[in-house]
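**Student:** The structure follows.
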Amino acid sequence: MRTLLTLILSLLLAANHAAAQDLRYFRIATGNPVGTYFPVGAAIASAISGPPGSPPCSDKGACGVDGLIAVALSSEGSVYNVGAVAAGVTDSGLAQADTIFAAYNGRGIFRKPLKNLRVIANLYPESLHVVVRRGAGIARMRDLAGKRVSLDVPGSGTRGNAEGVLEAYGVSVRQLKLMEVDAAVSADLLLKGELDGFFFVAGYPAQIVQDLAQQEAIDLLSIGAPEADRIVKRQQFFARDAIPEGSYPGIGTVDTISIGAQWVVAAEAEEELVYRITQALWRKRNRPILDSGHPKARLVRLETALAGVATPLHPGAARYYKELGRLDKDGAIPSE
């Protein structure tokens with residue numbers, strides 16, 4: 001009997017050891033939990049995960065990568081994420097298309113090019129929200145002059161976008177009573193009456209904006225023609241956009257601009273792993289996972305996976321897109 005128990009115990013230990021060897025974690029740096037990156041990143045993590053013991057995809061189980069557990073991690077956002085990916089601090093991250101391009105080419109705040117950044121996919125459009133405290137006397141962009149306004153923290157993707165918008169409207173940052181805090185702190189200060197407005201880039205509906213709107217505490221400023229046209233013409237990654245009526249309680253349609261959110265890894269990431277992750281992301285069986293998450297996760301579509309991608313694709317992702325005929329034989333994205 002003792003021999004049998006010893007054998008069973010040995011087999012269990014061996015099985016656990018094998019399972020541990022097969023298990024692999026994959027980190028996705030996202031953003032502030034009150035924004036859009038985190039819930040979308042969590043949906044993607046769920047779609048690509050295939051923990052040991054999961055039912056096979058053919059048996060109506062999850063169709064993730066065998067042995068992979070992906071996790072969405074909150075972070076400071078785009079600028080932090082590209083730096084963390086390039087430095088190997090995290091396995092992957094979500095970031096604005098313009099931030100990725102600037103980082104790869106060493107432009108703007110990036111003094112040194114991060115040449116090992118690689119894209120897995122374009123995900124969905126993010127909209128610029130200009131949130132202002134109701135009753136602060138701010139009806140248009142130029143009314144921000146002299147007001148207490150946060151453009152987000154220094155070095156953030158939102159900060160650069162906000163400065164570009166203000167410039168288009170002829171408003172200097174020096175004209176603001178500038179505060180440098182993130183969206184979560186901005187919302188708290190606004191509710192206390194200690195902040196008049198803040199800029200926030202996120203897919204709508206963003207939870208933090210929704211919470212403020214439900215309390216009838218805010219309005220959203222429009223970014224319309226001709227200023228929006230000038231911004232789009234000057235910055236290749238932006239597009240004219242609108243936040244539809246009903247996205248936030250009591251707020252009608254708001255004209256704005258949007259920019260693509262993309263998913264990046266380091267060039268050093270294993271090609272086979274990235275290939276399987278890309279494959280899992282676009283499996284039809286995983287579509288319900290994305291569709292049941294944040295509304296912007298429903299816009300994560302294969303049809304737009306290469307839209308606005310101006311930074312090199314990872315070889316693993318490129319291999320998958322080539323198999324689908326979405327890249328030409330040289331790996332270039334065919335022009336529409």
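By order in the structure tokens, chains are A, B, ...; within a chain, residues start at 1; ligands start at 1, following the order shown.
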Residues within 7 Å of Ile48 of chain A, please, as number ranges by chain. Count only C-alpha atoms; anything in the same chain fewer than 2 positions from it doesn't count.
**Tutor:** A: 44-46, 50, 64-65, 70, 277, 280-281
**Student:** Those residues with N, CA and C atoms, as a PDB file, in the first residue's frame please?
**Tutor:**
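The result, stored in selection09.pdb:
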```
ATOM      1  N   ILE A  44      -8.647  41.504 -23.781  1.00  0.00           N
ATOM      2  CA  ILE A  44      -7.642  40.876 -24.641  1.00  0.00           C
ATOM      3  C   ILE A  44      -6.912  39.772 -23.887  1.00  0.00           C
ATOM      4  N   ALA A  45      -6.565  40.055 -22.618  1.00  0.00           N
ATOM      5  CA  ALA A  45      -5.875  39.051 -21.801  1.00  0.00           C
ATOM      6  C   ALA A  45      -6.714  37.788 -21.659  1.00  0.00           C
ATOM      7  N   SER A  46      -7.997  37.969 -21.462  1.00  0.00           N
ATOM      8  CA  SER A  46      -8.894  36.821 -21.342  1.00  0.00           C
ATOM      9  C   SER A  46      -8.967  36.035 -22.648  1.00  0.00           C
ATOM     10  N   GLY A  50      -4.792  30.678 -22.214  1.00  0.00           N
ATOM     11  CA  GLY A  50      -5.160  29.265 -22.303  1.00  0.00           C
ATOM     12  C   GLY A  50      -4.480  28.500 -21.187  1.00  0.00           C
ATOM     13  N   GLY A  64      -7.430  30.308 -26.440  1.00  0.00           N
ATOM     14  CA  GLY A  64      -6.225  31.077 -26.204  1.00  0.00           C
ATOM     15  C   GLY A  64      -4.979  30.294 -26.566  1.00  0.00           C
ATOM     16  N   VAL A  65      -3.831  30.806 -26.133  1.00  0.00           N
ATOM     17  CA  VAL A  65      -2.547  30.149 -26.375  1.00  0.00           C
ATOM     18  C   VAL A  65      -2.323  29.120 -25.275  1.00  0.00           C
ATOM     19  N   ALA A  70      -2.403  35.451 -19.538  1.00  0.00           N
ATOM     20  CA  ALA A  70      -2.151  36.868 -19.786  1.00  0.00           C
ATOM     21  C   ALA A  70      -2.840  37.690 -18.713  1.00  0.00           C
ATOM     22  N   ILE A 277      -0.220  34.420 -30.164  1.00  0.00           N
ATOM     23  CA  ILE A 277      -1.021  35.449 -29.498  1.00  0.00           C
ATOM     24  C   ILE A 277      -1.867  36.205 -30.521  1.00  0.00           C
ATOM     25  N   ALA A 280      -4.640  33.992 -31.672  1.00  0.00           N
ATOM     26  CA  ALA A 280      -5.697  33.857 -30.663  1.00  0.00           C
ATOM     27  C   ALA A 280      -6.569  35.112 -30.591  1.00  0.00           C
ATOM     28  N   LEU A 281      -5.938  36.274 -30.723  1.00  0.00           N
ATOM     29  CA  LEU A 281      -6.692  37.524 -30.658  1.00  0.00           C
ATOM     30  C   LEU A 281      -7.789  37.561 -31.707  1.00  0.00           C
TER      31      LEU A 281
END
```
**Student:** For Gln207 of chain A, list every protein, DNA or RNA residue within 7 Å, evaluated using only C-alpha atoms, and leave out those in the same chain fewer than 4 positions away; present the list as a compact mmCIF listing (two decimals) with N, CA and C atoms, in the first residue's frame.
**Tutor:**
```
# COMPACT_ATOMS: atom_id res chain seq x y z
N VAL A 34 -9.52 53.81 -14.40
CA VAL A 34 -10.72 54.60 -14.71
C VAL A 34 -10.83 54.91 -16.20
N GLY A 35 -9.83 54.55 -16.99
CA GLY A 35 -9.85 54.81 -18.42
C GLY A 35 -10.36 53.62 -19.22
N ASP A 211 -19.03 58.78 -14.66
CA ASP A 211 -19.35 59.04 -13.25
C ASP A 211 -19.59 60.53 -13.00
```
**Student:** When you count only C-alpha atoms, which of these residues is closest to Ile138 of chain A: A:Leu220, A:Leu151, A:Val40, A:Ala297?
**Tutor:**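 Among A:Leu220, A:Leu151, A:Val40, A:Ala297, it is A:Leu220 that comes nearest to Ile138 of chain A.
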**Student:** What are the nearest atom pairs, with distances in Å to one decimal, for all residues of segment 82-101 of chain A that come at most 12 Å from segment 222-245 of chain A, using only C-alpha atoms, set out by chain and rising residue number as a tab-separated table?
**Tutor:**
```
residue	atom	partner	partner_atom	distance
A:Gln96	CA	A:Phe237	CA	9.1
A:Ala97	CA	A:Phe237	CA	6.7
A:Asp98	CA	A:Phe237	CA	6.0
A:Thr99	CA	A:Phe237	CA	9.8
A:Ile100	CA	A:Phe237	CA	10.8
A:Phe101	CA	A:Phe237	CA	9.4
```
**Student:** Can you list every residue in segment 10-203 of chain A that DSSP puts in alpha helix (DSSP H), as a PyMOL selection string?
**Tutor:** chain A and resi 10-22+37-48+78-87+97-105+157-168+183-191
**Student:** Pick the closest to Ala102 of chain A from A:Val71, A:Glu126, A:Gly157, A:Ile257: which is it, counting only C-alpha atoms?
**Tutor:**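 Among the listed residues, the smallest separation from Ala102 of chain A belongs to A:Gly157.
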**Student:** Mind pulling up the distance from atom CA of Gly170 of chain A to atom CA of Arg148 of chain A?
**Tutor:**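 Separating atom CA of Arg148 of chain A from atom CA of Gly170 of chain A is a distance of 17.4 Å.
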**Student:** Could you check which of A:Gly31, A:Gly260, A:Gly203, A:Gly146 is closest to Ala310 of chain A, using only C-alpha atoms?
**Tutor:**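 Closest candidate: A:Gly260.
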**Student:** In terms of the shortest atom-to-atom distance over only C-alpha atoms, which of A:Arg118, A:Arg159, A:Arg134, A:His294 is closest to Ile251 of chain A?
**Tutor:** A:Arg134
**Student:** For Gly293 of chain A, which residue among A:Leu306, A:Leu23, A:Ala42, A:Leu221 is the nearest when counting only C-alpha atoms?
**Tutor:**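 Once distances to Gly293 of chain A are computed over only C-alpha atoms, the minimum belongs to A:Ala42.
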**Student:** Using only C-alpha atoms, find the one residue out of A:Ile28, A:Leu176, A:Ala145, A:Val85 that sits nearest to Ile69 of chain A.
**Tutor:** A:Ile28
**Student:** DSSP on the backbone: which residues in segment 46-268 of chain A end up as strand (DSSP E or B)? Give the answer as number ranges by chain.
**Tutor:** A: 49-50, 65-66, 68-73, 92-96, 117-133, 148-150, 177-179, 197-202, 218-220, 238-243, 254-266
**Student:** Report as a ChimeraX atom specification all protein, DNA and RNA residues lying within 10 Å of Glu270 of chain A, evaluated on only C-alpha atoms, omitting residues in the same chain fewer than 6 positions from it.
**Tutor:** /A:314-316
**Student:** Do you have the atom CA of Glu272 of chain A-atom CA of Val119 of chain A distance handy?
**Tutor:** 14.9 Å
**Student:** Excluding Tyr80 of chain A and its own-chain neighbours fewer than 2 positions away, which residues fall within 9 Å of it when counting only C-alpha atoms? Please give them as a list of chain:residue names.
**Tutor:**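 Using only C-alpha atoms, the neighbours found are A:Ala29, A:Ser75, A:Glu76, A:Gly77, A:Ser78, A:Val82, A:Gly83, A:Ala84, A:Val85, A:Ala95, A:Gly155, A:Ser156.
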**Student:** Suppose we keep N, CA and C atoms; can you now write the selection as a short mmCIF file (atom, residue, chain, number, x, y, z; two decimals), in the first residue's frame?
**Tutor:**
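The result, stored in part.cif:
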```cif
data_model
loop_
_atom_site.label_atom_id
_atom_site.label_comp_id
_atom_site.auth_asym_id
_atom_site.auth_seq_id
_atom_site.Cartn_x
_atom_site.Cartn_y
_atom_site.Cartn_z
N ALA A 29 0.68 45.90 -20.15
CA ALA A 29 0.57 47.18 -19.46
C ALA A 29 -0.54 48.00 -20.12
N SER A 75 -1.21 51.00 -15.33
CA SER A 75 0.05 51.72 -15.50
C SER A 75 -0.22 53.19 -15.68
N GLU A 76 0.83 53.96 -15.97
CA GLU A 76 0.69 55.40 -16.17
C GLU A 76 0.29 55.75 -17.60
N GLY A 77 0.15 54.74 -18.47
CA GLY A 77 -0.33 55.00 -19.81
C GLY A 77 0.71 54.90 -20.90
N SER A 78 0.42 55.51 -22.04
CA SER A 78 1.16 55.31 -23.28
C SER A 78 2.67 55.50 -23.16
N VAL A 82 5.39 52.30 -23.57
CA VAL A 82 6.38 52.06 -24.63
C VAL A 82 7.78 51.95 -24.03
N GLY A 83 8.07 52.76 -23.02
CA GLY A 83 9.37 52.67 -22.37
C GLY A 83 9.55 51.36 -21.64
N ALA A 84 8.49 50.90 -20.97
CA ALA A 84 8.56 49.65 -20.21
C ALA A 84 8.72 48.45 -21.14
N VAL A 85 8.03 48.47 -22.28
CA VAL A 85 8.16 47.39 -23.26
C VAL A 85 9.57 47.36 -23.83
N ALA A 95 -0.76 51.59 -26.27
CA ALA A 95 -0.29 52.97 -26.39
C ALA A 95 -0.91 53.64 -27.60
N GLY A 155 4.88 64.45 -19.84
CA GLY A 155 5.36 63.30 -20.59
C GLY A 155 4.29 62.33 -21.03
N SER A 156 3.04 62.54 -20.61
CA SER A 156 1.97 61.63 -21.02
C SER A 156 1.57 61.89 -22.46
#
```
